[in-house]
file structure24.tsv (TSV, C-alpha atoms)
chain	number	residue	atom	x	y	z
Z	30	MET	CA	-69.35	74.25	98.06
Z	31	LYS	CA	-69.82	77.66	96.48
Z	32	LYS	CA	-68.93	78.79	92.99
Z	33	SER	CA	-67.62	82.31	92.40
Z	34	LEU	CA	-69.70	84.11	89.78
Z	35	GLY	CA	-67.83	87.41	89.73
Z	36	ALA	CA	-68.84	91.00	90.49
Z	37	LYS	CA	-72.46	91.05	89.34
Z	38	THR	CA	-75.75	92.71	90.27
Z	39	LEU	CA	-77.14	89.33	91.17
Z	40	ALA	CA	-79.45	89.21	94.17
Z	41	TYR	CA	-82.98	87.89	94.65
Z	42	PRO	CA	-85.64	89.19	94.98
Z	43	THR	CA	-85.69	92.59	93.30
Z	44	PRO	CA	-88.91	94.53	92.79
Z	45	VAL	CA	-90.63	95.53	89.57
Z	46	TRP	CA	-91.79	99.06	90.22
Z	47	LEU	CA	-92.92	101.70	87.74
Z	48	VAL	CA	-91.53	105.17	88.36
Z	49	GLY	CA	-94.01	107.91	87.40
Z	50	THR	CA	-92.76	111.39	86.48
Z	51	TYR	CA	-93.65	114.51	84.49
Z	52	ASP	CA	-91.23	116.00	82.00
Z	53	THR	CA	-90.60	119.75	81.79
Z	54	GLU	CA	-93.58	120.11	79.42
Z	55	GLY	CA	-95.88	118.23	81.80
Z	56	LYS	CA	-96.02	115.03	79.75
Z	57	PRO	CA	-96.41	112.00	82.06
Z	58	ASN	CA	-93.93	109.14	81.77
Z	59	ILE	CA	-93.34	105.78	83.43
Z	60	MET	CA	-90.34	103.49	83.49
Z	61	THR	CA	-89.57	100.18	85.13
Z	62	ALA	CA	-87.07	100.12	88.00
Z	63	ALA	CA	-85.70	97.05	89.74
Z	64	TRP	CA	-82.73	98.75	91.41
Z	65	ALA	CA	-84.98	99.96	94.21
Z	66	GLY	CA	-86.17	99.34	97.75
Z	67	ILE	CA	-87.43	100.91	100.93
Z	68	CYS	CA	-84.55	102.75	102.62
Z	69	CYS	CA	-85.79	104.51	105.78
Z	70	SER	CA	-88.64	104.20	108.28
Z	71	LYS	CA	-88.60	107.82	109.53
Z	72	PRO	CA	-89.09	109.70	107.29
Z	73	PRO	CA	-90.65	106.80	105.35
Z	74	SER	CA	-88.51	106.70	102.23
Z	75	VAL	CA	-87.80	104.68	99.15
Z	76	ALA	CA	-84.62	104.49	97.07
Z	77	VAL	CA	-84.72	104.16	93.28
Z	78	SER	CA	-81.63	104.14	91.09
Z	79	LEU	CA	-81.76	105.29	87.48
Z	80	ARG	CA	-79.20	105.80	84.75
Z	81	LYS	CA	-78.60	109.43	83.79
Z	82	ALA	CA	-79.41	108.50	80.19
Z	83	THR	CA	-83.05	107.76	81.02
Z	84	TYR	CA	-85.80	110.25	80.33
Z	85	SER	CA	-87.11	109.76	83.88
Z	86	TYR	CA	-83.78	110.85	85.37
Z	87	GLY	CA	-84.13	114.36	83.94
Z	88	ASN	CA	-87.79	114.45	84.95
Z	89	ILE	CA	-87.00	113.70	88.60
Z	90	VAL	CA	-84.24	116.30	88.68
Z	91	ALA	CA	-86.57	118.89	87.12
Z	92	ARG	CA	-89.71	118.12	89.14
Z	93	GLN	CA	-88.15	116.87	92.42
Z	94	ALA	CA	-90.87	114.27	92.67
Z	95	LEU	CA	-91.81	110.75	91.58
Z	96	THR	CA	-94.37	108.05	92.19
Z	97	ILE	CA	-93.75	104.34	92.70
Z	98	ASN	CA	-96.44	102.26	91.03
Z	99	ILE	CA	-96.55	98.58	91.92
Z	100	PRO	CA	-97.98	96.56	89.06
Z	101	SER	CA	-99.81	93.28	89.51
Z	102	GLU	CA	-98.70	90.12	87.73
Z	103	LYS	CA	-101.47	90.50	85.14
Z	104	GLN	CA	-99.67	93.72	84.10
Z	105	VAL	CA	-96.31	92.01	83.53
Z	106	LYS	CA	-96.20	92.73	79.78
Z	107	GLU	CA	-96.91	96.42	80.34
Z	108	ALA	CA	-94.31	96.52	83.14
Z	109	ASP	CA	-91.73	94.96	80.84
Z	110	TYR	CA	-92.60	97.26	77.95
Z	111	VAL	CA	-92.08	100.47	79.93
Z	112	GLY	CA	-88.61	99.20	80.83
Z	113	ILE	CA	-87.71	98.73	77.16
Z	114	ALA	CA	-89.13	101.85	75.44
Z	115	SER	CA	-88.06	105.42	76.21
Z	116	GLY	CA	-90.41	108.27	77.04
Z	117	ARG	CA	-88.34	110.38	74.65
Z	118	ASP	CA	-89.68	108.36	71.73
Z	119	VAL	CA	-93.12	107.15	72.74
Z	120	ASP	CA	-96.05	108.00	75.00
Z	121	LYS	CA	-95.83	104.96	77.25
Z	122	PHE	CA	-99.15	105.69	78.94
Z	123	ALA	CA	-100.92	105.65	75.56
Z	124	LYS	CA	-99.10	102.51	74.42
Z	125	THR	CA	-99.87	100.51	77.59
Z	126	GLY	CA	-103.38	101.83	78.06
Z	127	PHE	CA	-102.42	102.97	81.56
Z	128	THR	CA	-104.10	106.15	82.83
Z	129	PRO	CA	-101.99	108.90	84.42
Z	130	VAL	CA	-103.58	110.46	87.51
Z	131	ASP	CA	-102.25	113.77	88.78
Z	132	SER	CA	-101.08	113.40	92.38
Z	133	ASP	CA	-102.40	116.16	94.60
Z	134	LEU	CA	-99.40	115.71	96.93
Z	135	VAL	CA	-96.40	115.70	94.59
Z	136	ASP	CA	-95.54	116.94	91.12
Z	137	ALA	CA	-95.79	113.53	89.47
Z	138	PRO	CA	-98.48	111.28	87.98
Z	139	TYR	CA	-99.44	107.87	89.27
Z	140	VAL	CA	-100.83	104.90	87.37
Z	141	LYS	CA	-104.55	104.43	88.00
Z	142	GLU	CA	-104.45	100.73	87.07
Z	143	CYS	CA	-101.66	99.77	89.50
Z	144	PRO	CA	-103.08	98.36	92.74
Z	145	LEU	CA	-100.57	100.04	95.06
Z	146	ILE	CA	-98.86	103.42	94.60
Z	147	LEU	CA	-96.50	105.64	96.59
Z	148	GLU	CA	-96.30	109.41	96.16
Z	149	CYS	CA	-92.78	110.71	96.86
Z	150	ARG	CA	-90.91	113.96	96.96
Z	151	LEU	CA	-87.20	113.95	96.24
Z	152	LEU	CA	-85.16	114.05	99.44
Z	153	HIS	CA	-81.61	113.03	98.43
Z	154	THR	CA	-79.58	112.33	95.31
Z	155	LEU	CA	-76.49	110.13	95.51
Z	156	GLU	CA	-74.21	109.64	92.52
Z	157	ILE	CA	-72.82	106.10	92.57
Z	158	GLY	CA	-71.60	105.38	89.04
Z	159	LEU	CA	-73.70	104.32	86.07
Z	160	HIS	CA	-76.74	104.76	88.32
Z	161	THR	CA	-77.84	107.67	90.48
Z	162	LEU	CA	-79.72	106.78	93.63
Z	163	PHE	CA	-82.74	108.95	94.37
Z	164	VAL	CA	-84.27	108.88	97.85
Z	165	GLY	CA	-87.94	109.82	97.81
Z	166	GLU	CA	-89.89	110.57	100.95
Z	167	ILE	CA	-93.17	108.66	100.88
Z	168	LEU	CA	-95.91	111.22	101.53
Z	169	ASP	CA	-98.78	108.80	100.99
Z	170	VAL	CA	-99.51	105.23	99.98
Z	171	LYS	CA	-102.71	104.54	98.08
Z	172	ALA	CA	-104.21	101.12	97.42
Z	173	ASP	CA	-107.12	99.82	95.39
Z	174	LEU	CA	-110.02	98.84	97.65
Z	175	ASP	CA	-110.16	95.35	96.16
Z	176	VAL	CA	-106.61	94.48	97.28
Z	177	LEU	CA	-107.16	95.42	100.93
Z	178	GLY	CA	-107.19	92.58	103.44
Z	179	ASP	CA	-109.11	92.23	106.68
Z	180	SER	CA	-106.50	94.35	108.49
Z	181	GLY	CA	-107.16	97.27	106.16
Z	182	LEU	CA	-103.67	96.84	104.72
Z	183	PRO	CA	-102.97	95.62	101.18
Z	184	ASP	CA	-102.97	91.82	101.01
Z	185	ILE	CA	-99.81	90.82	99.14
Z	186	GLU	CA	-101.64	87.79	97.70
Z	187	LYS	CA	-104.20	90.18	96.16
Z	188	VAL	CA	-101.68	92.80	95.03
Z	189	LYS	CA	-99.65	90.00	93.37
Z	190	PRO	CA	-96.45	92.03	92.92
Z	191	ILE	CA	-93.92	90.93	90.30
Z	192	ILE	CA	-90.45	89.72	91.33
Z	193	PHE	CA	-87.50	90.26	89.00
Z	194	GLY	CA	-84.45	88.04	88.90
Z	195	PRO	CA	-81.46	90.01	87.58
Z	196	GLU	CA	-79.03	88.26	85.18
Z	197	ILE	CA	-81.54	85.41	84.64
Z	198	ARG	CA	-83.93	88.16	83.46
Z	199	ALA	CA	-86.98	86.30	84.73
Z	200	TYR	CA	-90.24	87.53	86.21
Z	201	HIS	CA	-91.98	85.52	88.90
Z	202	GLY	CA	-95.14	85.96	90.91
Z	203	ILE	CA	-95.55	85.83	94.65
Z	204	GLY	CA	-95.59	82.33	96.17
Z	205	PRO	CA	-96.93	80.60	99.27
Z	206	TYR	CA	-97.21	82.18	102.71
Z	207	LEU	CA	-94.27	81.08	104.87
Z	208	GLY	CA	-95.02	82.68	108.23
Z	209	GLN	CA	-95.35	85.80	110.31
Z	210	ALA	CA	-92.35	88.14	110.62
Z	211	PHE	CA	-91.02	89.09	114.07
Z	212	ALA	CA	-92.80	85.98	115.34
Z	213	ILE	CA	-91.75	82.65	113.81
Z	214	GLY	CA	-88.11	83.20	114.72
Z	215	LYS	CA	-89.05	83.10	118.39
Z	216	ASP	CA	-89.56	79.33	118.10
Z	217	LEU	CA	-85.88	78.86	117.38
R	21	MET	CA	-111.01	103.73	93.53
R	22	LYS	CA	-107.96	104.07	95.78
R	23	LYS	CA	-107.84	104.42	99.53
R	24	SER	CA	-105.21	106.63	101.17
R	25	LEU	CA	-103.21	104.69	103.77
R	26	GLY	CA	-100.88	107.48	104.93
R	27	ALA	CA	-97.11	107.89	104.87
R	28	LYS	CA	-95.92	104.32	105.39
R	29	THR	CA	-93.04	102.08	104.35
R	30	LEU	CA	-95.47	99.93	102.45
R	31	ALA	CA	-94.22	98.49	99.17
R	32	TYR	CA	-94.06	94.95	97.81
R	33	PRO	CA	-91.82	93.01	97.36
R	34	THR	CA	-88.97	93.69	99.77
R	35	PRO	CA	-86.09	91.24	100.20
R	36	VAL	CA	-85.07	89.21	103.24
R	37	TRP	CA	-81.30	89.48	103.27
R	38	LEU	CA	-78.89	88.70	106.07
R	39	VAL	CA	-76.13	91.25	106.57
R	40	GLY	CA	-72.86	89.66	107.72
R	41	THR	CA	-70.29	91.71	109.66
R	42	TYR	CA	-67.45	91.46	112.15
R	43	ASP	CA	-67.40	93.54	115.29
R	44	THR	CA	-64.25	95.30	116.49
R	45	GLU	CA	-63.21	92.12	118.36
R	46	GLY	CA	-63.67	89.97	115.27
R	47	LYS	CA	-66.89	88.32	116.42
R	48	PRO	CA	-69.12	87.52	113.43
R	49	ASN	CA	-72.70	88.77	113.41
R	50	ILE	CA	-75.72	88.62	111.12
R	51	MET	CA	-78.91	90.62	111.02
R	52	THR	CA	-81.94	90.65	108.77
R	53	ALA	CA	-82.45	93.60	106.43
R	54	ALA	CA	-85.48	94.27	104.25
R	55	TRP	CA	-84.75	97.94	103.55
R	56	ALA	CA	-82.34	96.96	100.79
R	57	GLY	CA	-81.88	96.52	97.06
R	58	ILE	CA	-79.45	96.64	94.19
R	59	CYS	CA	-78.57	100.29	93.48
R	60	CYS	CA	-75.97	100.48	90.68
R	61	SER	CA	-74.78	98.36	87.75
R	62	LYS	CA	-71.26	99.88	87.43
R	63	PRO	CA	-69.76	99.50	89.95
R	64	PRO	CA	-72.15	96.67	90.83
R	65	SER	CA	-73.55	97.84	94.15
R	66	VAL	CA	-76.17	97.10	96.73
R	67	ALA	CA	-77.85	99.45	99.20
R	68	VAL	CA	-78.75	98.33	102.72
R	69	SER	CA	-80.29	100.62	105.33
R	70	LEU	CA	-79.77	100.00	109.05
R	71	ARG	CA	-80.70	101.87	112.20
R	72	LYS	CA	-77.78	103.38	114.10
R	73	ALA	CA	-78.92	101.45	117.18
R	74	THR	CA	-78.10	98.09	115.60
R	75	TYR	CA	-74.92	96.23	116.41
R	76	SER	CA	-74.31	95.72	112.68
R	77	TYR	CA	-74.29	99.48	112.06
R	78	GLY	CA	-71.19	99.97	114.22
R	79	ASN	CA	-69.60	96.89	112.67
R	80	ILE	CA	-69.95	98.24	109.13
R	81	VAL	CA	-68.58	101.64	110.14
R	82	ALA	CA	-65.62	99.97	111.86
R	83	ARG	CA	-64.84	97.35	109.23
R	84	GLN	CA	-66.00	99.15	106.05
R	85	ALA	CA	-67.34	95.86	104.73
R	86	LEU	CA	-70.39	93.59	104.78
R	87	THR	CA	-71.81	90.53	103.11
R	88	ILE	CA	-75.36	89.99	101.85
R	89	ASN	CA	-76.54	86.46	102.50
R	90	ILE	CA	-79.71	85.37	100.75
R	91	PRO	CA	-81.51	82.72	102.77
R	92	SER	CA	-83.74	80.09	101.26
R	93	GLU	CA	-87.34	79.63	102.37
R	94	LYS	CA	-86.40	76.60	104.49
R	95	GLN	CA	-84.30	79.06	106.56
R	96	VAL	CA	-87.19	81.43	107.23
R	97	LYS	CA	-87.18	80.85	111.02
R	98	GLU	CA	-83.46	81.56	111.24
R	99	ALA	CA	-83.88	84.63	109.01
R	100	ASP	CA	-86.64	85.93	111.27
R	101	TYR	CA	-84.68	85.20	114.44
R	102	VAL	CA	-81.61	87.19	113.40
R	103	GLY	CA	-83.91	90.18	112.82
R	104	ILE	CA	-85.28	89.94	116.37
R	105	ALA	CA	-82.20	89.28	118.51
R	106	SER	CA	-79.19	91.60	118.82
R	107	GLY	CA	-75.58	90.58	118.32
R	108	ARG	CA	-74.83	92.60	121.44
R	109	ASP	CA	-76.65	90.00	123.54
R	110	VAL	CA	-76.29	86.70	121.71
R	111	ASP	CA	-74.08	84.86	119.27
R	112	LYS	CA	-76.57	84.60	116.43
R	113	PHE	CA	-74.39	82.19	114.45
R	114	ALA	CA	-74.33	79.76	117.37
R	115	LYS	CA	-78.07	80.12	118.01
R	116	THR	CA	-79.09	79.53	114.37
R	117	GLY	CA	-76.50	76.86	113.66
R	118	PHE	CA	-75.23	78.94	110.76
R	119	THR	CA	-71.50	78.75	110.02
R	120	PRO	CA	-69.49	81.95	109.51
R	121	VAL	CA	-66.98	81.76	106.66
R	122	ASP	CA	-64.23	84.36	106.45
R	123	SER	CA	-64.42	86.17	103.11
R	124	ASP	CA	-61.04	86.40	101.43
R	125	LEU	CA	-62.17	89.55	99.60
R	126	VAL	CA	-63.68	91.73	102.32
R	127	ASP	CA	-63.42	92.09	106.08
R	128	ALA	CA	-66.73	90.36	106.81
R	129	PRO	CA	-68.03	86.81	107.24
R	130	TYR	CA	-70.60	85.12	105.04
R	131	VAL	CA	-73.11	82.42	105.91
R	132	LYS	CA	-72.05	79.02	104.59
R	133	GLU	CA	-75.63	77.69	104.61
R	134	CYS	CA	-77.14	80.52	102.51
R	135	PRO	CA	-77.36	79.52	98.83
R	136	LEU	CA	-76.37	82.92	97.43
R	137	ILE	CA	-74.00	85.48	98.95
R	138	LEU	CA	-72.51	88.84	97.98
R	139	GLU	CA	-69.21	90.16	99.33
R	140	CYS	CA	-69.20	93.96	99.55
R	141	ARG	CA	-66.88	96.75	100.54
R	142	LEU	CA	-68.41	99.97	101.84
R	143	LEU	CA	-68.54	102.63	99.14
R	144	HIS	CA	-70.95	105.31	100.45
R	145	THR	CA	-72.85	106.19	103.60
R	146	LEU	CA	-75.98	108.35	103.39
R	147	GLU	CA	-77.76	109.56	106.50
R	148	ILE	CA	-81.50	109.68	105.85
R	149	GLY	CA	-83.19	109.70	109.25
R	150	LEU	CA	-83.87	106.72	111.50
R	151	HIS	CA	-81.97	104.64	108.95
R	152	THR	CA	-78.55	105.10	107.39
R	153	LEU	CA	-78.15	103.84	103.85
R	154	PHE	CA	-74.93	101.97	103.15
R	155	VAL	CA	-73.85	101.39	99.57
R	156	GLY	CA	-71.64	98.33	99.24
R	157	GLU	CA	-69.71	97.55	96.09
R	158	ILE	CA	-70.26	93.90	95.15
R	159	LEU	CA	-66.79	92.37	94.69
R	160	ASP	CA	-68.04	88.84	94.15
R	161	VAL	CA	-71.20	86.76	94.14
R	162	LYS	CA	-70.96	83.16	95.26
R	163	ALA	CA	-73.63	80.52	94.83
R	164	ASP	CA	-74.09	76.94	95.98
R	165	LEU	CA	-73.53	74.51	93.11
R	166	ASP	CA	-76.92	72.89	93.68
R	167	VAL	CA	-78.84	76.12	92.98
R	168	LEU	CA	-77.17	76.80	89.62
R	169	GLY	CA	-79.36	76.43	86.55
R	170	ASP	CA	-78.44	75.35	83.03
R	171	SER	CA	-77.17	78.86	82.23
R	172	GLY	CA	-74.64	78.65	85.07
R	173	LEU	CA	-76.56	81.36	86.91
R	174	PRO	CA	-78.51	80.75	90.13
R	175	ASP	CA	-82.01	79.48	89.36
R	176	ILE	CA	-84.40	81.59	91.44
R	177	GLU	CA	-86.72	78.57	91.79
R	178	LYS	CA	-83.86	76.65	93.41
R	179	VAL	CA	-82.59	79.54	95.54
R	180	LYS	CA	-86.17	80.08	96.79
R	181	PRO	CA	-85.58	83.56	98.25
R	182	ILE	CA	-87.95	84.90	100.89
R	183	ILE	CA	-90.17	87.91	100.20
R	184	PHE	CA	-91.15	90.23	103.05
R	185	GLY	CA	-94.32	92.28	103.11
R	186	PRO	CA	-93.84	95.34	105.35
R	187	GLU	CA	-96.73	96.41	107.61
R	188	ILE	CA	-98.50	93.05	107.05
R	189	ARG	CA	-95.30	91.48	108.42
R	190	ALA	CA	-95.65	88.39	106.27
R	191	TYR	CA	-93.08	86.17	104.61
R	192	HIS	CA	-93.85	84.56	101.27
R	193	GLY	CA	-91.94	82.30	98.92
R	194	ILE	CA	-91.29	82.77	95.25
R	195	GLY	CA	-94.22	81.96	92.95
R	196	PRO	CA	-94.79	80.92	89.34
R	197	TYR	CA	-92.67	82.02	86.39
R	198	LEU	CA	-94.40	84.86	84.55
R	199	GLY	CA	-92.12	85.50	81.60
R	200	GLN	CA	-88.80	86.72	80.30
R	201	ALA	CA	-87.71	90.28	81.04
R	202	PHE	CA	-86.76	92.64	78.21
R	203	ALA	CA	-88.74	90.31	75.95
R	204	ILE	CA	-92.43	89.80	76.80
R	205	GLY	CA	-93.10	93.55	76.65
R	206	LYS	CA	-92.25	93.54	72.95
R	207	ASP	CA	-95.56	91.74	72.26
R	208	LEU	CA	-97.49	94.77	73.44
call {"tool": "encode", "arguments": {"input": "structure24.tsv", "output": "structure tokens"}}
result
Amino acid sequence: MKKSLGAKTLAYPTPVWLVGTYDTEGKPNIMTAAWAGICCSKPPSVAVSLRKATYSYGNIVARQALTINIPSEKQVKEADYVGIASGRDVDKFAKTGFTPVDSDLVDAPYVKECPLILECRLLHTLEIGLHTLFVGEILDVKADLDVLGDSGLPDIEKVKPIIFGPEIRAYHGIGPYLGQAFAIGKDL
Amino acid sequence: MKKSLGAKTLAYPTPVWLVGTYDTEGKPNIMTAAWAGICCSKPPSVAVSLRKATYSYGNIVARQALTINIPSEKQVKEADYVGIASGRDVDKFAKTGFTPVDSDLVDAPYVKECPLILECRLLHTLEIGLHTLFVGEILDVKADLDVLGDSGLPDIEKVKPIIFGPEIRAYHGIGPYLGQAFAIGKDL
């Protein structure tokens, strides 16, 4: 038995990613985005949707670039803060203590303290409604050495990404390992 | 110190959602999608990217509709299986034991056994490269009564959505509660 809840942006999980941009003066900014996800394998691309009213929106349009910074659960307060305050009013890097690092690939800063970051150049812009969807081509992924696993890839249990639940407005951490993808289904 | 890992679709978390469609004959199909996320608040919309080679791709183009079915961690084998097999070759509903339910809002079936489902009509199609991004307007969200929390909204700890880690190809469950969004950042 299912209950109808209406037309809502209610789906689990959504990510908690920090979008890094420069404004027209070169001031670095970050904002939290949960309306986001990977959207293409070739070219490797990520989609992030922002409201036009945000400071980051204008920055992406002006600079044609952005970074995706994946915070760890110990940075959950900082991640929440940069989703509340606006870069128009405050220097969010100064307030959080995060350090902006100039990407040498794209015209955007990344967050030194985030364990996993993606450097992206703007590829497409799609107007949907309240939000505009930006597709960024991932030119490089960088990870902190201490989150790498034996495979040389980032271990999700070391990265400890944050999961956002829309409507319930709750943050959760990553839970137990359930199995290997493209493998456990073969037992069915 | 960060290590460069190259241009990869490597970001955590990504969702494990099952896309429900009808083919031109009316046969229901489901496939797993991880290149997906919410993409607009008004109209409430979700983005899902599929390769043109998939059976579901043609179904969405033909029917202009899809459902998003959010499996629970106990359904991880079924969720993995429907990402491996093709609806061209097998009846994935029969194989998984999932039951297709005809949506009365859109021309697509949803999965009775999934605790949370979204019924969507196709709003936009964006060609990116290997993947095509479909934007679906969410016309309704339906949830099983036994996953609703005190607020009347689905409790993420009861839904127990699956989290996919690209490249490492690992499934994880939802972890501990970290705090309230749009709130804990104010302490900073």
call {"tool": "closest_atom_pairs", "arguments": {"input": "structure24.tsv", "of": "chain Z", "to": "chain R", "cutoff": "6 Å", "atoms": "all atoms listed in the file", "output": "CSV"}}
result
residue,atom,partner,partner_atom,distance
Z:Met30,CA,R:Asp164,CA,5.8
Z:Lys31,CA,R:Asp164,CA,4.4
Z:Lys32,CA,R:Lys162,CA,5.3
Z:Ser33,CA,R:Lys162,CA,4.5
Z:Leu34,CA,R:Val161,CA,5.3
Z:Gly35,CA,R:Asp160,CA,4.7
Z:Ala36,CA,R:Asp160,CA,4.3
Z:Lys37,CA,R:Pro64,CA,5.8
Z:Thr38,CA,R:Pro64,CA,5.4
Z:Pro42,CA,R:Pro35,CA,5.6
Z:Pro44,CA,R:Pro33,CA,5.6
Z:Trp64,CA,R:Ile58,CA,4.8
Z:Ala65,CA,R:Gly57,CA,5.4
Z:Gly66,CA,R:Gly57,CA,5.2
Z:Ile67,CA,R:Trp55,CA,4.8
Z:Cys68,CA,R:Trp55,CA,4.9
Z:Cys69,CA,R:His151,CA,5.0
Z:Lys71,CA,R:Leu150,CA,5.2
Z:Pro73,CA,R:Thr29,CA,5.4
Z:Ser78,CA,R:Cys59,CA,5.5
Z:Lys106,CA,R:Gly205,CA,4.5
Z:Asp109,CA,R:Gly205,CA,4.6
Z:Tyr110,CA,R:Gly205,CA,4.0
Z:Gly158,CA,R:Lys62,CA,5.7
Z:Leu159,CA,R:Lys62,CA,5.2
Z:His160,CA,R:Cys60,CA,4.9
Z:Ile167,CA,R:Ala27,CA,5.7
Z:Leu168,CA,R:Ala27,CA,4.9
Z:Asp169,CA,R:Ala27,CA,4.3
Z:Val170,CA,R:Leu25,CA,5.3
Z:Lys171,CA,R:Ser24,CA,4.5
Z:Ala172,CA,R:Lys22,CA,5.0
Z:Asp173,CA,R:Lys22,CA,4.3
Z:Leu174,CA,R:Lys22,CA,5.9
Z:Arg198,CA,R:Ala201,CA,5.0
Z:Ala199,CA,R:Gln200,CA,4.8
Z:Tyr200,CA,R:Leu198,CA,5.2
Z:His201,CA,R:Tyr197,CA,4.4
Z:Gly202,CA,R:Gly195,CA,4.6
Z:Ile203,CA,R:Gly195,CA,4.4
Z:Gly204,CA,R:Gly195,CA,3.5
Z:Pro205,CA,R:Gly193,CA,5.3
Z:Tyr206,CA,R:His192,CA,4.4
Z:Leu207,CA,R:His192,CA,5.0
Z:Gly208,CA,R:Tyr191,CA,5.4
Z:Gln209,CA,R:Ala190,CA,4.8
Z:Ala210,CA,R:Arg189,CA,5.0
Z:Ile213,CA,R:Lys97,CA,5.6
Z:Gly214,CA,R:Tyr101,CA,4.0
call {"tool": "atom_distance", "arguments": {"input": "structure24.tsv", "atom1": "CA of Thr96 (chain Z)", "atom2": "CA of Ser132 (chain Z)"}}
result
8.6 Å
call {"tool": "atom_distance", "arguments": {"input": "structure24.tsv", "atom1": "CA of Thr53 (chain Z)", "atom2": "CA of Arg92 (chain Z)"}}
result
7.6 Å
call {"tool": "axis_aligned_box", "arguments": {"input": "structure24.tsv", "around": "region 174-189 of chain R", "padding_each_side": "3 Å", "output": "JSON"}}
result
{"center_x": -88.5, "center_y": 86.5, "center_z": 98.9, "size_x": 26.0, "size_y": 25.8, "size_z": 25.1}
